[in-house]
file protein03.csv (CSV, C-alpha atoms and all ligand atoms)
chain,number,residue,atom,x,y,z
A,9,MET,CA,-21.0,-56.3,-3.4
A,10,SER,CA,-21.9,-57.4,0.1
A,11,PHE,CA,-19.3,-55.7,2.4
A,12,SER,CA,-18.9,-51.9,2.5
A,13,PRO,CA,-15.5,-50.5,1.5
A,14,LEU,CA,-14.0,-50.1,5.1
A,15,ILE,CA,-14.9,-53.7,5.9
A,16,ARG,CA,-13.6,-55.0,2.6
A,17,GLN,CA,-10.3,-53.1,3.2
A,18,LEU,CA,-10.0,-54.6,6.7
A,19,ILE,CA,-10.6,-58.1,5.4
A,20,ASP,CA,-7.9,-57.6,2.7
A,21,ALA,CA,-5.5,-56.2,5.3
A,22,LEU,CA,-6.0,-59.2,7.6
A,23,ARG,CA,-5.0,-61.6,4.8
A,24,ILE,CA,-1.4,-60.5,5.2
A,25,LEU,CA,-1.3,-62.5,8.4
A,26,PRO,CA,0.3,-65.9,8.0
A,27,GLY,CA,-2.3,-68.7,7.6
A,28,VAL,CA,-5.2,-66.3,7.2
A,29,GLY,CA,-7.3,-66.8,4.1
A,30,GLN,CA,-10.4,-65.0,2.9
A,31,LYS,CA,-12.9,-66.8,5.1
A,32,THR,CA,-10.8,-66.5,8.3
A,33,ALA,CA,-10.2,-62.8,7.5
A,34,GLN,CA,-14.0,-62.2,7.2
A,35,ARG,CA,-14.7,-64.0,10.4
A,36,MET,CA,-12.0,-62.0,12.2
A,37,ALA,CA,-13.2,-58.6,10.8
A,38,LEU,CA,-16.8,-59.2,11.7
A,39,GLN,CA,-16.1,-60.6,15.1
A,40,LEU,CA,-14.0,-57.5,16.0
A,41,LEU,CA,-16.7,-55.2,14.6
A,42,GLU,CA,-19.5,-56.9,16.4
A,43,ARG,CA,-17.9,-57.9,19.7
A,44,ASP,CA,-14.6,-56.2,20.4
A,45,ARG,CA,-14.0,-52.8,19.0
A,46,SER,CA,-11.8,-51.7,21.9
A,47,GLY,CA,-9.7,-54.9,21.3
A,48,GLY,CA,-9.5,-54.0,17.6
A,49,LEU,CA,-8.3,-50.5,18.4
A,50,ARG,CA,-5.7,-51.8,20.9
A,51,LEU,CA,-4.5,-54.2,18.2
A,52,ALA,CA,-4.3,-51.3,15.7
A,53,GLN,CA,-2.2,-49.3,18.2
A,54,SER,CA,0.1,-52.2,19.1
A,55,LEU,CA,0.7,-52.9,15.4
A,56,ALA,CA,1.6,-49.3,14.6
A,57,LYS,CA,3.9,-49.0,17.5
A,58,ALA,CA,5.7,-52.2,16.9
A,59,MET,CA,6.0,-51.7,13.1
A,60,GLU,CA,7.5,-48.3,13.6
A,61,GLY,CA,9.4,-48.8,16.9
A,62,VAL,CA,11.0,-52.2,16.7
A,63,GLY,CA,14.6,-52.5,15.4
A,64,TYR,CA,17.4,-54.9,16.0
A,65,CYS,CA,19.5,-55.5,19.2
A,66,ARG,CA,22.9,-54.0,18.8
A,67,GLN,CA,24.6,-57.1,20.2
A,68,CYS,CA,22.7,-60.2,19.1
A,69,ARG,CA,20.5,-58.7,16.3
A,70,THR,CA,17.2,-60.1,17.5
A,71,LEU,CA,14.1,-57.9,17.2
A,72,THR,CA,13.7,-55.3,20.0
A,73,GLU,CA,12.8,-51.6,20.4
A,74,ASP,CA,15.7,-51.1,22.8
A,75,ASP,CA,19.4,-50.8,22.2
A,76,LEU,CA,19.9,-54.2,23.9
A,77,CYS,CA,17.3,-57.0,23.9
A,78,PRO,CA,16.2,-58.6,27.2
A,79,GLN,CA,18.6,-61.4,26.8
A,80,CYS,CA,21.7,-59.2,26.1
A,81,ALA,CA,20.7,-56.8,28.9
A,82,ASP,CA,20.4,-59.5,31.5
A,83,PRO,CA,23.5,-59.5,33.7
A,84,ARG,CA,22.8,-63.0,35.2
A,85,ARG,CA,23.7,-65.2,32.2
A,86,ASP,CA,26.5,-67.5,31.2
A,87,ASP,CA,28.9,-65.4,29.2
A,88,SER,CA,30.9,-68.4,28.1
A,89,LEU,CA,28.1,-69.9,25.9
A,90,LEU,CA,26.9,-68.4,22.6
A,91,CYS,CA,23.9,-69.9,20.8
A,92,VAL,CA,23.6,-69.1,17.1
A,93,VAL,CA,20.1,-69.2,15.6
A,94,GLN,CA,18.5,-68.3,12.3
A,95,SER,CA,15.7,-66.1,13.4
A,96,PRO,CA,14.2,-64.2,16.4
A,97,VAL,CA,11.5,-66.8,16.9
A,98,ASP,CA,14.2,-69.4,17.5
A,99,VAL,CA,15.5,-67.3,20.5
A,100,PHE,CA,12.1,-67.8,22.1
A,101,ALA,CA,12.2,-71.5,21.4
A,102,VAL,CA,15.7,-72.0,22.9
A,103,GLU,CA,14.8,-69.8,25.9
A,104,GLN,CA,11.8,-72.2,26.6
A,105,THR,CA,14.4,-75.0,27.1
A,106,GLY,CA,16.0,-73.2,30.0
A,107,PHE,CA,19.1,-72.2,28.1
A,108,ARG,CA,20.6,-69.1,29.8
A,109,GLY,CA,23.7,-68.2,27.7
A,110,ARG,CA,23.9,-65.5,25.1
A,111,TYR,CA,22.5,-65.5,21.5
A,112,PHE,CA,23.4,-64.4,18.0
A,113,VAL,CA,20.6,-64.2,15.5
A,114,LEU,CA,21.5,-64.7,11.8
A,115,LYS,CA,19.3,-63.3,9.1
A,116,GLY,CA,18.2,-66.7,7.8
A,117,HIS,CA,20.5,-69.2,6.2
A,118,LEU,CA,23.1,-69.2,3.4
A,119,SER,CA,21.4,-69.5,0.1
A,120,PRO,CA,23.9,-68.9,-2.8
A,121,LEU,CA,21.2,-69.4,-5.4
A,122,ASP,CA,19.2,-66.5,-4.0
A,123,GLY,CA,22.4,-64.4,-3.7
A,124,LEU,CA,22.5,-64.7,0.1
A,125,GLY,CA,26.1,-65.1,1.0
A,126,PRO,CA,27.9,-64.7,4.4
A,127,GLU,CA,27.5,-60.9,4.4
A,128,ALA,CA,23.8,-61.0,3.7
A,129,ILE,CA,23.0,-63.2,6.7
A,130,GLY,CA,25.3,-61.5,9.2
A,131,ILE,CA,28.4,-63.7,9.4
A,132,PRO,CA,30.8,-60.8,9.7
A,133,GLU,CA,28.8,-59.4,12.7
A,134,LEU,CA,28.8,-62.9,14.2
A,135,LEU,CA,32.6,-63.1,13.9
A,136,SER,CA,33.1,-59.7,15.6
A,137,ARG,CA,30.6,-60.7,18.3
A,138,VAL,CA,32.7,-63.8,19.0
A,139,ALA,CA,35.9,-61.8,19.0
A,140,ASP,CA,34.5,-59.3,21.5
A,141,GLY,CA,33.1,-61.9,23.8
A,142,ALA,CA,34.5,-64.3,26.3
A,143,PHE,CA,32.9,-67.4,24.8
A,144,THR,CA,34.4,-70.8,25.2
A,145,GLU,CA,31.6,-72.6,23.3
A,146,VAL,CA,29.5,-71.7,20.3
A,147,ILE,CA,26.3,-73.8,19.8
A,148,LEU,CA,25.1,-73.8,16.3
A,149,ALA,CA,21.3,-74.1,16.5
A,150,THR,CA,20.4,-73.3,12.9
A,151,ASN,CA,17.4,-75.3,11.5
A,152,PRO,CA,17.8,-79.1,10.8
A,153,THR,CA,17.4,-78.5,7.1
A,154,VAL,CA,19.9,-78.8,4.2
A,155,GLU,CA,20.4,-75.0,4.3
A,156,GLY,CA,20.7,-74.8,8.0
A,157,GLU,CA,23.3,-77.6,8.0
A,158,ALA,CA,25.3,-75.9,5.3
A,159,THR,CA,25.2,-72.7,7.3
A,160,ALA,CA,26.3,-74.4,10.5
A,161,HIS,CA,29.1,-76.1,8.6
A,162,TYR,CA,30.3,-72.8,7.1
A,163,ILE,CA,30.3,-71.1,10.6
A,164,ALA,CA,32.1,-74.0,12.1
A,165,GLN,CA,34.9,-73.7,9.5
A,166,MET,CA,35.3,-70.0,10.4
A,167,LEU,CA,35.3,-70.5,14.2
A,168,ILE,CA,37.2,-73.8,14.8
A,169,PRO,CA,40.5,-72.2,13.9
A,170,LYS,CA,39.9,-69.6,16.7
A,171,GLY,CA,40.3,-72.3,19.3
A,172,LEU,CA,36.6,-72.4,20.4
A,173,THR,CA,34.5,-75.4,21.1
A,174,ILE,CA,31.9,-75.5,18.3
A,175,SER,CA,28.8,-77.7,18.8
A,176,ARG,CA,25.7,-78.6,16.8
A,177,ILE,CA,22.3,-79.4,18.4
A,178,ALA,CA,21.7,-83.1,18.3
A,179,HIS,CA,19.5,-84.7,15.7
A,180,GLY,CA,17.3,-87.6,16.8
A,181,VAL,CA,13.8,-88.8,17.3
A,182,PRO,CA,11.5,-86.2,18.8
A,183,LEU,CA,10.2,-86.9,22.3
A,184,GLY,CA,6.7,-88.4,22.5
A,185,GLY,CA,6.5,-89.5,18.9
A,186,GLU,CA,6.0,-93.0,17.5
A,187,LEU,CA,9.0,-94.5,15.9
A,188,ASP,CA,7.3,-95.6,12.8
A,189,LEU,CA,6.1,-92.0,12.1
A,190,VAL,CA,9.7,-90.6,12.2
A,191,ASP,CA,11.2,-90.0,8.8
A,192,GLY,CA,14.1,-92.2,7.8
A,193,GLY,CA,16.8,-89.5,7.8
A,194,THR,CA,15.9,-88.5,11.4
A,195,LEU,CA,16.0,-92.2,12.5
A,196,ALA,CA,19.4,-92.7,10.9
A,197,HIS,CA,20.7,-89.7,12.8
A,198,ALA,CA,19.2,-91.0,16.0
A,199,LEU,CA,20.9,-94.4,15.5
A,200,ALA,CA,24.2,-93.0,14.6
A,201,GLY,CA,24.1,-90.7,17.6
A,202,ARG,CA,23.1,-93.4,20.0
A,203,LYS,CA,24.4,-93.1,23.6
A,204,PRO,CA,25.3,-95.8,26.1
A,205,ILE,CA,22.9,-96.2,29.0
A,206,SER,CA,24.5,-96.2,32.4
A,207,LEU,CA,22.5,-97.5,35.4
B,20,MET,CA,11.9,-62.6,29.4
B,21,SER,CA,12.6,-63.2,25.7
B,22,PHE,CA,10.4,-60.7,23.8
B,23,SER,CA,10.8,-56.9,24.3
B,24,PRO,CA,7.7,-55.0,25.6
B,25,LEU,CA,6.4,-53.7,22.2
B,26,ILE,CA,6.6,-57.2,20.7
B,27,ARG,CA,5.0,-58.8,23.8
B,28,GLN,CA,2.1,-56.2,23.6
B,29,LEU,CA,1.7,-57.0,19.9
B,30,ILE,CA,1.5,-60.7,20.6
B,31,ASP,CA,-1.1,-60.2,23.3
B,32,ALA,CA,-3.1,-57.9,21.1
B,33,LEU,CA,-3.2,-60.4,18.2
B,34,ARG,CA,-4.7,-63.0,20.6
B,35,ILE,CA,-8.0,-61.2,20.5
B,36,LEU,CA,-8.5,-62.5,17.0
B,37,PRO,CA,-10.7,-65.6,16.8
B,38,GLY,CA,-8.7,-68.8,16.6
B,39,VAL,CA,-5.4,-67.2,17.4
B,40,GLY,CA,-3.5,-68.7,20.4
B,41,GLN,CA,-0.1,-67.8,21.8
B,42,LYS,CA,2.0,-69.6,19.3
B,43,THR,CA,0.1,-68.4,16.2
B,44,ALA,CA,0.2,-64.8,17.6
B,45,GLN,CA,4.0,-65.1,18.0
B,46,ARG,CA,4.4,-66.3,14.4
B,47,MET,CA,2.2,-63.5,13.1
B,48,ALA,CA,4.0,-60.8,15.1
B,49,LEU,CA,7.5,-61.9,14.1
B,50,GLN,CA,6.6,-62.5,10.5
B,51,LEU,CA,5.2,-59.0,10.2
B,52,LEU,CA,8.2,-57.5,11.9
B,53,GLU,CA,10.7,-59.4,9.8
B,54,ARG,CA,9.0,-59.4,6.4
B,55,ASP,CA,6.1,-57.0,6.0
B,56,ARG,CA,6.2,-53.9,8.1
B,57,SER,CA,4.3,-51.9,5.5
B,58,GLY,CA,1.6,-54.6,5.4
B,59,GLY,CA,1.5,-54.4,9.2
B,60,LEU,CA,1.1,-50.6,9.1
B,61,ARG,CA,-1.7,-50.9,6.5
B,62,LEU,CA,-3.5,-53.4,8.8
B,63,ALA,CA,-3.1,-51.0,11.7
B,64,GLN,CA,-4.7,-48.2,9.7
B,65,SER,CA,-7.5,-50.4,8.3
B,66,LEU,CA,-8.3,-51.7,11.8
B,67,ALA,CA,-8.5,-48.2,13.3
B,68,LYS,CA,-10.6,-46.8,10.5
B,69,ALA,CA,-13.0,-49.8,10.6
B,70,MET,CA,-13.3,-49.9,14.4
B,71,GLU,CA,-14.0,-46.2,14.5
B,72,GLY,CA,-16.0,-45.7,11.3
B,73,VAL,CA,-18.2,-48.7,10.8
B,74,GLY,CA,-21.8,-48.5,12.1
B,75,TYR,CA,-25.1,-50.1,11.2
B,76,CYS,CA,-27.2,-49.7,8.0
B,77,ARG,CA,-30.3,-47.6,8.8
B,78,GLN,CA,-32.5,-50.0,6.8
B,79,CYS,CA,-31.2,-53.6,7.3
B,80,ARG,CA,-28.9,-53.1,10.3
B,81,THR,CA,-25.9,-54.9,8.8
B,82,LEU,CA,-22.5,-53.5,9.4
B,83,THR,CA,-21.5,-50.5,7.2
B,84,GLU,CA,-19.9,-47.1,7.4
B,85,ASP,CA,-22.5,-45.6,5.2
B,86,ASP,CA,-26.1,-44.6,5.9
B,87,LEU,CA,-27.2,-47.5,3.6
B,88,CYS,CA,-25.2,-50.7,3.0
B,89,PRO,CA,-24.4,-51.9,-0.5
B,90,GLN,CA,-27.4,-54.2,-0.6
B,91,CYS,CA,-29.9,-51.6,0.6
B,92,ALA,CA,-28.5,-48.9,-1.7
B,93,ASP,CA,-28.7,-51.2,-4.8
B,94,PRO,CA,-31.7,-50.1,-6.9
B,95,ARG,CA,-31.7,-53.3,-9.0
B,96,ARG,CA,-33.0,-55.8,-6.4
B,97,ASP,CA,-36.3,-57.6,-5.8
B,98,ASP,CA,-38.2,-55.4,-3.4
B,99,SER,CA,-40.8,-58.1,-2.8
B,100,LEU,CA,-38.4,-60.5,-1.0
B,101,LEU,CA,-37.0,-60.0,2.5
B,102,CYS,CA,-34.4,-62.4,3.9
B,103,VAL,CA,-34.0,-62.3,7.7
B,104,VAL,CA,-30.6,-63.4,9.1
B,105,GLN,CA,-28.9,-63.5,12.5
B,106,SER,CA,-25.7,-61.7,11.7
B,107,PRO,CA,-23.9,-59.6,9.1
B,108,VAL,CA,-21.7,-62.6,8.0
B,109,ASP,CA,-24.9,-64.4,7.0
B,110,VAL,CA,-25.7,-61.6,4.5
B,111,PHE,CA,-22.4,-62.5,2.8
B,112,ALA,CA,-23.3,-66.2,2.9
B,113,VAL,CA,-26.7,-65.7,1.3
B,114,GLU,CA,-25.3,-63.2,-1.3
B,115,GLN,CA,-23.0,-66.0,-2.4
B,116,THR,CA,-26.0,-68.1,-3.4
B,117,GLY,CA,-27.1,-65.5,-5.9
B,118,PHE,CA,-30.1,-64.2,-3.8
B,119,ARG,CA,-30.9,-60.6,-4.8
B,120,GLY,CA,-33.7,-59.5,-2.6
B,121,ARG,CA,-33.4,-57.4,0.5
B,122,TYR,CA,-32.1,-58.2,4.0
B,123,PHE,CA,-32.8,-57.6,7.6
B,124,VAL,CA,-30.1,-58.5,10.1
B,125,LEU,CA,-31.1,-59.4,13.7
B,126,LYS,CA,-28.7,-59.0,16.6
B,127,GLY,CA,-28.4,-62.8,17.1
B,128,HIS,CA,-31.3,-65.0,18.3
B,129,LEU,CA,-33.8,-64.9,21.1
B,130,SER,CA,-32.3,-66.1,24.3
B,131,PRO,CA,-34.7,-65.6,27.3
B,132,LEU,CA,-32.2,-67.1,29.7
B,133,ASP,CA,-29.6,-64.5,28.8
B,134,GLY,CA,-32.3,-61.8,29.0
B,135,LEU,CA,-32.4,-61.4,25.2
B,136,GLY,CA,-36.0,-60.8,24.2
B,137,PRO,CA,-37.5,-59.5,21.0
B,138,GLU,CA,-36.4,-55.9,21.7
B,139,ALA,CA,-32.8,-56.9,22.3
B,140,ILE,CA,-32.5,-58.7,19.0
B,141,GLY,CA,-34.3,-56.0,16.9
B,142,ILE,CA,-37.7,-57.5,16.3
B,143,PRO,CA,-39.5,-54.1,16.6
B,144,GLU,CA,-37.2,-52.7,13.9
B,145,LEU,CA,-37.9,-55.8,11.7
B,146,LEU,CA,-41.7,-55.2,12.1
B,147,SER,CA,-41.4,-51.6,11.0
B,148,ARG,CA,-39.1,-52.5,8.1
B,149,VAL,CA,-41.8,-55.0,6.9
B,150,ALA,CA,-44.5,-52.4,7.4
B,151,ASP,CA,-42.5,-49.8,5.4
B,152,GLY,CA,-41.6,-52.2,2.6
B,153,ALA,CA,-43.5,-53.8,-0.3
B,154,PHE,CA,-42.6,-57.3,0.6
B,155,THR,CA,-44.8,-60.3,-0.4
B,156,GLU,CA,-42.5,-62.9,1.1
B,157,VAL,CA,-40.2,-63.0,4.2
B,158,ILE,CA,-37.6,-65.7,4.2
B,159,LEU,CA,-36.4,-66.7,7.7
B,160,ALA,CA,-32.8,-67.7,7.4
B,161,THR,CA,-31.8,-67.8,11.0
B,162,ASN,CA,-29.4,-70.6,12.0
B,163,PRO,CA,-30.6,-74.2,12.0
B,164,THR,CA,-30.1,-74.4,15.8
B,165,VAL,CA,-32.7,-74.7,18.5
B,166,GLU,CA,-32.4,-70.9,19.2
B,167,GLY,CA,-32.5,-70.1,15.5
B,168,GLU,CA,-35.6,-72.2,15.0
B,169,ALA,CA,-37.3,-70.6,18.1
B,170,THR,CA,-36.5,-67.1,16.7
B,171,ALA,CA,-37.9,-68.0,13.3
B,172,HIS,CA,-41.0,-69.4,14.9
B,173,TYR,CA,-41.5,-66.3,16.9
B,174,ILE,CA,-41.1,-64.0,13.9
B,175,ALA,CA,-43.5,-66.2,11.8
B,176,GLN,CA,-46.1,-65.8,14.5
B,177,MET,CA,-45.8,-62.0,14.4
B,178,LEU,CA,-45.8,-61.8,10.5
B,179,ILE,CA,-48.3,-64.4,9.4
B,180,PRO,CA,-51.3,-62.3,10.6
B,181,LYS,CA,-50.1,-59.5,8.3
B,182,GLY,CA,-51.0,-61.6,5.2
B,183,LEU,CA,-47.4,-62.1,4.1
B,184,THR,CA,-45.9,-65.4,2.9
B,185,ILE,CA,-43.4,-66.5,5.5
B,186,SER,CA,-40.9,-69.2,4.5
B,187,ARG,CA,-38.1,-71.0,6.3
B,188,ILE,CA,-34.9,-72.2,4.6
B,189,ALA,CA,-35.0,-75.9,4.0
B,190,HIS,CA,-33.3,-78.4,6.2
B,191,GLY,CA,-31.7,-81.4,4.5
B,192,VAL,CA,-28.6,-83.2,3.7
B,193,PRO,CA,-25.7,-80.9,2.7
B,194,LEU,CA,-24.5,-81.3,-0.9
B,195,GLY,CA,-21.4,-83.3,-1.4
B,196,GLY,CA,-21.6,-85.1,2.0
B,197,GLU,CA,-21.8,-88.8,2.6
B,198,LEU,CA,-25.1,-89.9,4.0
B,199,ASP,CA,-23.7,-91.9,6.9
B,200,LEU,CA,-21.9,-88.8,8.2
B,201,VAL,CA,-25.0,-86.7,8.3
B,202,ASP,CA,-26.5,-86.5,11.8
B,203,GLY,CA,-29.9,-88.2,12.5
B,204,GLY,CA,-31.9,-85.1,13.0
B,205,THR,CA,-30.8,-83.6,9.7
B,206,LEU,CA,-31.5,-86.9,7.9
B,207,ALA,CA,-35.0,-87.0,9.5
B,208,HIS,CA,-35.7,-83.5,8.2
B,209,ALA,CA,-34.3,-84.5,4.7
B,210,LEU,CA,-36.7,-87.5,4.6
B,211,ALA,CA,-39.7,-85.6,5.8
B,212,GLY,CA,-39.0,-82.8,3.3
B,213,ARG,CA,-38.5,-85.3,0.4
B,214,LYS,CA,-39.7,-84.0,-3.0
B,215,PRO,CA,-41.1,-86.0,-6.0
B,216,ILE,CA,-38.7,-86.3,-8.9
B,217,SER,CA,-40.2,-85.4,-12.3
B,218,LEU,CA,-38.6,-86.5,-15.5
C,301,ZN,ZN,20.4,-59.0,22.1
C,302,ZN,ZN,-28.7,-52.3,4.5
call {"tool": "encode", "arguments": {"input": "protein03.csv", "output": "structure tokens", "more": "lines below"}}
Ligand SMILES: [Zn+2]
Ligand SMILES: [Zn+2]
result
Amino acid sequence: MSFSPLIRQLIDALRILPGVGQKTAQRMALQLLERDRSGGLRLAQSLAKAMEGVGYCRQCRTLTEDDLCPQCADPRRDDSLLCVVQSPVDVFAVEQTGFRGRYFVLKGHLSPLDGLGPEAIGIPELLSRVADGAFTEVILATNPTVEGEATAHYIAQMLIPKGLTISRIAHGVPLGGELDLVDGGTLAHALAGRKPISL
Amino acid sequence: MSFSPLIRQLIDALRILPGVGQKTAQRMALQLLERDRSGGLRLAQSLAKAMEGVGYCRQCRTLTEDDLCPQCADPRRDDSLLCVVQSPVDVFAVEQTGFRGRYFVLKGHLSPLDGLGPEAIGIPELLSRVADGAFTEVILATNPTVEGEATAHYIAQMLIPKGLTISRIAHGVPLGGELDLVDGGTLAHALAGRKPISL
């Protein structure tokens, strides 16, 4: 009992959002109903439009409703640099660093046990993107996980014979952290990748 | 740059949800787009239906799309007990305790400085609900805050002359907590409200 059917359905529907459990969904539903119905309606419209209208960029395969995403459509970018990432949210993360080359977005990482081979994650499209472009360097920015490393290694093997510079984002200690809180593997990478200091 | 307009609008719209900042909204938007478009569409529909269809129960004034909410429509409840709460979410909280009387939902608490007097929070409707009902006891379950206490006190003053038993939910130490983490005011209430143990 307790909530009427429409409210119960709204609470259930809100639970598909990542990190939203029963209690948070209840709070969200009741707050919208009590304080912001027009905001709730705007959210309903934005959701419907995005779920129905957003597809994939023809060139980099990130999420966009247009033929080309904002990054691919931008004429003032470095066409010699291609950054390969695992998902659209990573494009946003790399953009935040000030990177202004081009992107290619894989559909996740290689995962042979789940039947996800090179075709499933978009390697053939990456190869034709590289063949079509004027890139001199391809930066592999897949996740620093076992699967992300394996995927980067696979791509490097495919691209190095084509005479391109292939680079991998550096592993090391994150800025602002305390050294004793950094896991051993990261610290080992940071030591191995140490750089001379010049004054 | 970075996200296309439809995605940016969706991220902005998600930020009206309580506790959802920019980063969480991005994660939500991209996860729906990449993994659960049908769930996103269901959420859009549930939101639109609830924002447009949900009103207030004629009798207890909680949120519902029907004339009477599930609690008021239920014939198997104790009609001698009325529980007064500050908001619809509190009905759910009290239901969870197993309480099976009737409810009345105020629109928040008295707040003279914000211009919220008895009319604004629904005291006249509470008085006519009490006059229409067969209640012998009214339980004041407004929040244990200064404003909730003042609101309970005001209601008690209005109802005691009518010959009803008026009660206030007990203050005390919450179950499962550690005594030294309980604030002083709560502990003082718990001491003053101590009960003899019978074996
Ligand atoms: Zn693109
Ligand atoms: Zn009701």
call {"tool": "closest_residue", "arguments": {"input": "protein03.csv", "among": "B:Arg95, B:Arg27, B:Arg148, B:Arg54", "to": "Gln78 of chain B", "atoms": "all atoms listed in the file"}}
result
B:Arg148
call {"tool": "residues_near_ligand", "arguments": {"input": "protein03.csv", "ligand": "ligand ZN 301 (chain C)", "cutoff": "7 Å", "atoms": "only C-alpha atoms and all ligand atoms", "output": "list in words"}}
result
Cys65, Arg66, Gln67, Cys68, Arg69, Thr70, Leu76, Cys77, Pro78, Gln79, Cys80 and Tyr111 of chain A
call {"tool": "interface_residues", "arguments": {"input": "protein03.csv", "of": "chain B", "to": "chain A", "cutoff": "9 Å", "atoms": "all atoms listed in the file", "output": "count of residues only"}}
result
59
call {"tool": "atom_distance", "arguments": {"input": "protein03.csv", "atom1": "atom CA of Gly152 of chain B", "atom2": "atom CA of Arg121 of chain B"}}
result
9.9 Å
call {"tool": "residues_around", "arguments": {"input": "protein03.csv", "residues": "segment 198-215 of chain B", "least_positions_apart": "4", "cutoff": "12 Å", "atoms": "all atoms listed in the file", "output": "list of chain:residue names"}}
result
B:Pro163, B:Thr164, B:Val165, B:Ile188, B:Ala189, B:His190, B:Gly191, B:Val192, B:Pro193, B:Leu194
call {"tool": "write_last_selection", "arguments": {"input": "protein03.csv", "atoms": "C-alpha atoms", "output": "PDB file, keeping the file's coordinate frame"}}
result
ATOM      1  CA  PRO B 163     -30.600 -74.200  12.000  1.00  0.00           C
ATOM      2  CA  THR B 164     -30.100 -74.400  15.800  1.00  0.00           C
ATOM      3  CA  VAL B 165     -32.700 -74.700  18.500  1.00  0.00           C
ATOM      4  CA  ILE B 188     -34.900 -72.200   4.600  1.00  0.00           C
ATOM      5  CA  ALA B 189     -35.000 -75.900   4.000  1.00  0.00           C
ATOM      6  CA  HIS B 190     -33.300 -78.400   6.200  1.00  0.00           C
ATOM      7  CA  GLY B 191     -31.700 -81.400   4.500  1.00  0.00           C
ATOM      8  CA  VAL B 192     -28.600 -83.200   3.700  1.00  0.00           C
ATOM      9  CA  PRO B 193     -25.700 -80.900   2.700  1.00  0.00           C
ATOM     10  CA  LEU B 194     -24.500 -81.300  -0.900  1.00  0.00           C
TER      11      LEU B 194
END
call {"tool": "atom_distance", "arguments": {"input": "protein03.csv", "atom1": "atom CA of Arg119 of chain B", "atom2": "atom CA of Asn162 of chain B"}}
result
19.6 Å
call {"tool": "atom_distance", "arguments": {"input": "protein03.csv", "atom1": "atom CA of Met166 of chain A", "atom2": "atom CA of Val92 of chain A"}}
result
13.5 Å
call {"tool": "closest_residue", "arguments": {"input": "protein03.csv", "among": "B:Pro94, B:Val124, B:Ser130, B:Leu101", "to": "ligand ZN 302 (chain C)", "atoms": "only C-alpha atoms and all ligand atoms"}}
result
B:Val124
call {"tool": "closest_residue", "arguments": {"input": "protein03.csv", "among": "B:Pro131, B:Gly120, B:Pro137, B:Gly167", "to": "ligand ZN 302 (chain C)", "atoms": "all atoms listed in the file"}}
result
B:Gly120
call {"tool": "closest_residue", "arguments": {"input": "protein03.csv", "among": "B:Leu125, B:Ser99, B:Ile142, B:Lys181", "to": "ligand ZN 302 (chain C)", "atoms": "all atoms listed in the file"}}
result
B:Leu125
call {"tool": "residues_around", "arguments": {"input": "protein03.csv", "residues": "Ala164 of chain A", "least_positions_apart": "4", "cutoff": "10 Å", "atoms": "all atoms listed in the file", "output": "number ranges by chain"}}
result
A: 146-148, 158-160, 168-169, 172-176
call {"tool": "axis_aligned_box", "arguments": {"input": "protein03.csv", "around": "segment 93-99 of chain A", "padding_each_side": "3 Å", "output": "JSON"}}
result
{"center_x": 15.8, "center_y": -66.8, "center_z": 16.4, "size_x": 14.6, "size_y": 11.2, "size_z": 14.2}
